[in-house]
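Below is one structure; the comments refer to it alone.
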Protein chains: 2
Amino acid sequence: MGLTKTEIFSEQQNQIAVFAKAFAHPARVAILQHLFKMDTCVCGDLVIEIGLAQPTISQHLKELKQLGLIKGNIEGTSVCYCIDQENWNKMKGILNEFFNLDISAAGNCC
Amino acid sequence: MGLTKTEIFSEQQNQIAVFAKAFAHPARVAILQHLFKMDTCVCGDLVIEIGLAQPTISQHLKELKQLGLIKGNIEGTSVCYCIDQENWNKMKGILNEFFNLDISAAGNCC
DNA sequence: TCATTCTATCGTAATATTGCAATGATACAA
DNA sequence: TTGTATCATTGCAATATTACGATAGAATGA
């Protein structure tokens, strides 16, 4: 049905899934890496840097913005994008808690 | 078109996206958490534990297995699943490298 | 052998995602 | 005002994902 049954999972499980979805596309990974690489905010060159059409980039930026991982400030005719440090760290905390589950007990019987 | 243009991205970017997709669904998050929680391998009770139909769980398990994040050993009529420690740590390394990109330079102009 | 149990696969329906052309909207410059 | 540059939105087509009923396969026990 293509419809994820979010209601049967915990808030935490859904939140992990939502954040993970942000990185589940190489274009969004590339956008974020570029935002990190630049020592200033990135305006328009994302379209040139990544090889996708402008509406496609705009759509990916919108998703990242809705998740709160990036911020966008209007600067004249262009828009300045950068990482939202606070939310980025929050996301990192949530995902790291999941990644660092104790592995010692599991995995020793297969 | 629903077709990700993997060819225009780096190997690393695609790999991050592929791993992230594993966690981009709460059912798979729940499966992995359950595998971690158990101090022994998990066989059939994932269907009961999580509220999805058996074919659906089987499908999610297949995806996780294809990524190498879990292993499955046949034990009589049932199958024993557990985390693949080696690949799990490898995945953690790749994603952490991405998460821990230097944030100090970016994000100070918005 | 036959029924039971457990899991995988197939087929299908519905929703989600991706990508882009066309079009708007806004700010600035001439 | 008229263009130009930049980015957002809309609308659409194509592919991907999610979920499950039905069914098949494999091992076990009666």
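Residue numbering restarts at 1 for every chain of the structure tokens, chains are lettered A, B, ... in their displayed order, and ligands are numbered from 1 as they appear.
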9 Å contact set for A:Met91, only C-alpha atoms (C1' of nucleotides), chain neighbours under 5 positions out, as a PDB file with C-alpha atoms, in the first residue's frame:
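The resulting file, around.pdb, is reproduced below:
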ATOM      1  CA  ILE A  16      14.895   7.978  13.694  1.00  0.00           C
ATOM      2  CA  PHE A  19      15.874  11.758  10.105  1.00  0.00           C
ATOM      3  CA  LEU A  69      18.575  20.496   9.419  1.00  0.00           C
ATOM      4  CA  GLU A  86      21.396  23.093  16.969  1.00  0.00           C
ATOM      5  CA  ASN A  96      23.980   7.958  17.719  1.00  0.00           C
TER       6      ASN A  96
END
Per residue of chain B within 7 Å of chain D, record the nearest atom pair and its distance in Å to one decimal, counting only C-alpha atoms (C1' of nucleotides), with rows in chain order and ascending residue number, as CSV.
residue,atom,partner,partner_atom,distance
B:Met1,CA,D:DA14,C1',4.3
B:Gly2,CA,D:DT15,C1',4.3
B:Leu3,CA,D:DT15,C1',5.5
B:Ala53,CA,D:DC20,C1',6.7
B:Thr56,CA,D:DA19,C1',6.2
B:Gly76,CA,D:DA27,C1',5.7
B:Thr77,CA,D:DA27,C1',4.9
Q) Can you tell me, as a PyMOL selection string, what residues are no more than 8 Å from B:Ala24 when counting only C-alpha atoms (C1' of nucleotides), ignoring any on the same chain fewer than 6 positions away? A) chain A and resi 16-21+24
Output file for the selection above: N, CA, C and O atoms, as a PDB file, in the first residue's frame:
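result_28.pdb, written as the output of this step:
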ATOM      1  N   ILE A  16      13.682   8.501  14.325  1.00  0.00           N
ATOM      2  CA  ILE A  16      14.895   7.978  13.694  1.00  0.00           C
ATOM      3  C   ILE A  16      14.656   7.789  12.202  1.00  0.00           C
ATOM      4  O   ILE A  16      15.472   8.176  11.362  1.00  0.00           O
ATOM      5  N   ALA A  17      13.516   7.209  11.860  1.00  0.00           N
ATOM      6  CA  ALA A  17      13.194   6.946  10.451  1.00  0.00           C
ATOM      7  C   ALA A  17      13.095   8.248   9.659  1.00  0.00           C
ATOM      8  O   ALA A  17      13.576   8.345   8.527  1.00  0.00           O
ATOM      9  N   VAL A  18      12.492   9.263  10.265  1.00  0.00           N
ATOM     10  CA  VAL A  18      12.326  10.542   9.568  1.00  0.00           C
ATOM     11  C   VAL A  18      13.676  11.201   9.299  1.00  0.00           C
ATOM     12  O   VAL A  18      13.932  11.701   8.200  1.00  0.00           O
ATOM     13  N   PHE A  19      14.545  11.176  10.303  1.00  0.00           N
ATOM     14  CA  PHE A  19      15.874  11.758  10.105  1.00  0.00           C
ATOM     15  C   PHE A  19      16.659  10.961   9.085  1.00  0.00           C
ATOM     16  O   PHE A  19      17.337  11.535   8.223  1.00  0.00           O
ATOM     17  N   ALA A  20      16.585   9.642   9.187  1.00  0.00           N
ATOM     18  CA  ALA A  20      17.336   8.802   8.258  1.00  0.00           C
ATOM     19  C   ALA A  20      16.895   9.062   6.822  1.00  0.00           C
ATOM     20  O   ALA A  20      17.698   9.030   5.898  1.00  0.00           O
ATOM     21  N   LYS A  21      15.622   9.349   6.659  1.00  0.00           N
ATOM     22  CA  LYS A  21      15.112   9.606   5.312  1.00  0.00           C
ATOM     23  C   LYS A  21      15.787  10.833   4.696  1.00  0.00           C
ATOM     24  O   LYS A  21      15.931  10.925   3.477  1.00  0.00           O
ATOM     25  N   ALA A  24      18.743   9.585   2.994  1.00  0.00           N
ATOM     26  CA  ALA A  24      18.493   8.404   2.170  1.00  0.00           C
ATOM     27  C   ALA A  24      18.503   8.730   0.687  1.00  0.00           C
ATOM     28  O   ALA A  24      18.036   7.950  -0.130  1.00  0.00           O
TER      29      ALA A  24
END
**Q.** At most 10 Å to chain C: residues in chain B, only C-alpha atoms (C1' of nucleotides), as a ChimeraX atom specification
**A.** /B:1-5,43-44,54-55,58-59,62,74,76-79
Would you mind exporting all heavy atoms of the selected residues as a compact mmCIF listing (two decimals), in the first residue's frame?
# COMPACT_ATOMS: atom_id res chain seq x y z
N MET B 1 10.89 11.58 -11.88
CA MET B 1 10.63 10.26 -12.46
C MET B 1 10.76 9.13 -11.47
O MET B 1 10.54 7.99 -11.82
CB MET B 1 11.65 10.01 -13.57
CG MET B 1 11.54 10.99 -14.70
SD MET B 1 12.80 10.61 -15.89
CE MET B 1 13.25 12.24 -16.44
N GLY B 2 11.13 9.44 -10.24
CA GLY B 2 11.26 8.38 -9.25
C GLY B 2 12.52 7.57 -9.40
O GLY B 2 12.72 6.57 -8.72
N LEU B 3 13.41 8.00 -10.30
CA LEU B 3 14.65 7.26 -10.54
C LEU B 3 15.82 8.09 -10.07
O LEU B 3 16.15 9.11 -10.68
CB LEU B 3 14.76 6.97 -12.04
CG LEU B 3 15.56 5.74 -12.44
CD1 LEU B 3 15.40 5.47 -13.91
CD2 LEU B 3 17.00 5.85 -12.06
N THR B 4 16.44 7.66 -8.98
CA THR B 4 17.57 8.40 -8.44
C THR B 4 18.76 8.33 -9.40
O THR B 4 19.12 7.26 -9.85
CB THR B 4 17.97 7.82 -7.08
OG1 THR B 4 16.89 7.99 -6.18
CG2 THR B 4 19.20 8.52 -6.54
N LYS B 5 19.36 9.48 -9.67
CA LYS B 5 20.50 9.52 -10.58
C LYS B 5 21.79 9.21 -9.84
O LYS B 5 22.61 10.10 -9.59
CB LYS B 5 20.60 10.92 -11.21
CG LYS B 5 19.50 11.23 -12.20
CD LYS B 5 19.84 12.49 -12.97
CE LYS B 5 18.97 12.67 -14.20
NZ LYS B 5 19.29 13.92 -14.91
N CYS B 43 14.21 -15.36 16.53
CA CYS B 43 13.68 -16.20 15.47
C CYS B 43 12.35 -15.67 14.97
O CYS B 43 12.30 -14.76 14.16
CB CYS B 43 13.56 -17.62 15.97
SG CYS B 43 15.15 -18.31 16.46
N GLY B 44 11.29 -16.19 15.50
CA GLY B 44 10.01 -15.89 14.87
C GLY B 44 9.21 -14.77 15.49
O GLY B 44 8.28 -14.25 14.88
N GLN B 54 3.33 -11.12 8.50
CA GLN B 54 4.55 -11.91 8.34
C GLN B 54 5.27 -11.64 7.02
O GLN B 54 6.50 -11.49 7.01
CB GLN B 54 4.19 -13.40 8.50
CG GLN B 54 5.37 -14.32 8.37
CD GLN B 54 5.53 -14.84 6.95
OE1 GLN B 54 4.54 -15.07 6.26
NE2 GLN B 54 6.76 -15.01 6.51
N PRO B 55 4.58 -11.54 5.89
CA PRO B 55 5.31 -11.24 4.65
C PRO B 55 6.00 -9.88 4.69
O PRO B 55 7.07 -9.71 4.11
CB PRO B 55 4.22 -11.28 3.58
CG PRO B 55 3.15 -12.12 4.15
CD PRO B 55 3.17 -11.84 5.60
N SER B 58 9.13 -10.21 6.74
CA SER B 58 10.09 -10.99 5.97
C SER B 58 10.77 -10.11 4.91
O SER B 58 11.97 -10.24 4.65
CB SER B 58 9.37 -12.16 5.31
OG SER B 58 10.27 -13.03 4.68
N GLN B 59 9.99 -9.24 4.33
CA GLN B 59 10.52 -8.34 3.30
C GLN B 59 11.53 -7.36 3.91
O GLN B 59 12.59 -7.13 3.33
CB GLN B 59 9.34 -7.59 2.70
CG GLN B 59 9.63 -6.88 1.40
CD GLN B 59 8.36 -6.28 0.82
OE1 GLN B 59 7.31 -6.93 0.83
NE2 GLN B 59 8.44 -5.06 0.33
N LYS B 62 14.71 -9.09 4.68
CA LYS B 62 15.47 -9.35 3.46
C LYS B 62 16.32 -8.14 3.08
O LYS B 62 17.49 -8.26 2.70
CB LYS B 62 14.49 -9.69 2.33
CG LYS B 62 15.14 -10.18 1.06
CD LYS B 62 14.07 -10.42 0.01
CE LYS B 62 14.66 -10.74 -1.34
NZ LYS B 62 13.61 -10.86 -2.37
N ILE B 74 19.63 -20.72 9.61
CA ILE B 74 18.49 -21.62 9.69
C ILE B 74 18.67 -22.56 10.87
O ILE B 74 19.71 -23.17 11.04
CB ILE B 74 18.34 -22.41 8.38
CG1 ILE B 74 18.10 -21.45 7.22
CG2 ILE B 74 17.20 -23.41 8.49
CD1 ILE B 74 18.17 -22.08 5.86
N GLY B 76 16.46 -25.48 12.22
CA GLY B 76 15.27 -26.32 12.11
C GLY B 76 14.25 -25.65 11.20
O GLY B 76 14.58 -25.29 10.08
N THR B 77 13.04 -25.46 11.71
CA THR B 77 12.01 -24.85 10.87
C THR B 77 12.07 -23.34 10.92
O THR B 77 11.47 -22.66 10.09
CB THR B 77 10.61 -25.29 11.30
OG1 THR B 77 10.30 -24.66 12.52
CG2 THR B 77 10.54 -26.79 11.46
N SER B 78 12.78 -22.79 11.89
CA SER B 78 12.79 -21.33 12.01
C SER B 78 14.16 -20.78 11.61
O SER B 78 15.11 -21.52 11.41
CB SER B 78 12.43 -20.93 13.44
OG SER B 78 13.38 -21.46 14.33
N VAL B 79 14.23 -19.47 11.52
CA VAL B 79 15.48 -18.82 11.14
C VAL B 79 15.92 -17.91 12.28
O VAL B 79 15.10 -17.22 12.88
CB VAL B 79 15.31 -18.00 9.85
CG1 VAL B 79 16.60 -17.29 9.49
CG2 VAL B 79 14.87 -18.90 8.71
Please identify every residue of chain B that has at least one atom no farther than 8 Å from an atom of chain A, counting only C-alpha atoms, and for each give the shortest atom pair and the distance in Å to one decimal, arranged by chain then increasing number, as a Markdown table.
| residue | atom | partner | partner_atom | distance |
| --- | --- | --- | --- | --- |
| B:Thr4 | CA | A:His25 | CA | 7.8 |
| B:Thr6 | CA | A:Pro26 | CA | 7.2 |
| B:Ile8 | CA | A:Gly51 | CA | 6.6 |
| B:Phe9 | CA | A:Pro26 | CA | 6.5 |
| B:Gln13 | CA | A:Pro26 | CA | 5.2 |
| B:Asn14 | CA | A:Pro26 | CA | 5.2 |
| B:Ile16 | CA | A:Phe23 | CA | 7.1 |
| B:Ala17 | CA | A:Ala24 | CA | 4.1 |
| B:Val18 | CA | A:Ala24 | CA | 6.3 |
| B:Phe19 | CA | A:Ala24 | CA | 7.4 |
| B:Ala20 | CA | A:Ala24 | CA | 4.8 |
| B:Lys21 | CA | A:Ala24 | CA | 4.8 |
| B:Phe23 | CA | A:Ala17 | CA | 5.5 |
| B:Ala24 | CA | A:Ala17 | CA | 4.1 |
| B:His25 | CA | A:Ala17 | CA | 4.9 |
| B:Pro26 | CA | A:Asn14 | CA | 5.2 |
| B:Ala27 | CA | A:Phe9 | CA | 7.4 |
| B:Val29 | CA | A:Gln13 | CA | 6.1 |
| B:Ala30 | CA | A:Gln13 | CA | 6.6 |
| B:Gln33 | CA | A:Phe98 | CA | 7.8 |
| B:Leu35 | CA | A:Ala106 | CA | 7.0 |
| B:Phe36 | CA | A:Ala106 | CA | 5.7 |
| B:Lys37 | CA | A:Ala106 | CA | 7.7 |
| B:Met38 | CA | A:Ala106 | CA | 6.7 |
| B:Asp39 | CA | A:Ala105 | CA | 5.1 |
| B:Thr40 | CA | A:Ala106 | CA | 6.1 |
| B:Cys41 | CA | A:Cys109 | CA | 6.5 |
| B:Ile50 | CA | A:Ile8 | CA | 7.8 |
| B:Gly51 | CA | A:Ile8 | CA | 6.6 |
| B:Lys71 | CA | A:Cys110 | CA | 7.1 |
| B:Gly72 | CA | A:Cys110 | CA | 7.2 |
| B:Asn73 | CA | A:Cys110 | CA | 6.1 |
| B:Cys80 | CA | A:Cys110 | CA | 7.3 |
| B:Tyr81 | CA | A:Cys110 | CA | 7.5 |
| B:Cys82 | CA | A:Gly107 | CA | 5.2 |
| B:Ile83 | CA | A:Gly107 | CA | 5.3 |
| B:Asp84 | CA | A:Gly107 | CA | 6.4 |
| B:Gln85 | CA | A:Gly107 | CA | 6.5 |
| B:Lys92 | CA | A:Phe99 | CA | 6.7 |
| B:Phe98 | CA | A:Gln33 | CA | 7.8 |
| B:Phe99 | CA | A:Lys92 | CA | 6.7 |
| B:Leu101 | CA | A:Phe36 | CA | 6.8 |
| B:Asp102 | CA | A:Phe36 | CA | 6.9 |
| B:Ile103 | CA | A:Phe36 | CA | 6.5 |
| B:Ala105 | CA | A:Asp39 | CA | 5.1 |
| B:Ala106 | CA | A:Asp39 | CA | 5.3 |
| B:Gly107 | CA | A:Cys82 | CA | 5.2 |
| B:Asn108 | CA | A:Thr40 | CA | 7.6 |
| B:Cys109 | CA | A:Cys41 | CA | 6.4 |
| B:Cys110 | CA | A:Asn73 | CA | 6.1 |
Q: Taking the DSSP assignment computed from this structure's backbone, write out as a PyMOL selection string all residues of chain A that belong to strand (DSSP E).
A: chain A and resi 70-75+78-83
Q | Separation of atom CA of B:Gln66 from atom CA of B:Val47 in Å | A |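 Answer for the atom CA of B:Val47 to atom CA of B:Gln66 separation: 19.5 Å.
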Q. Which distance in Å separates atom CA of B:Lys90 and atom CA of A:Gly68, to one decimal?
A.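 Taking atom CA of B:Lys90 as the start and atom CA of A:Gly68 as the end point, the length is 27.6 Å.
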Q.
Please compute the atom CA of A:Ile31-atom CA of A:Asn87 distance, one decimal, in Å.
A.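 Atom-to-atom, atom CA of A:Ile31 and atom CA of A:Asn87 are spaced 16.4 Å apart.
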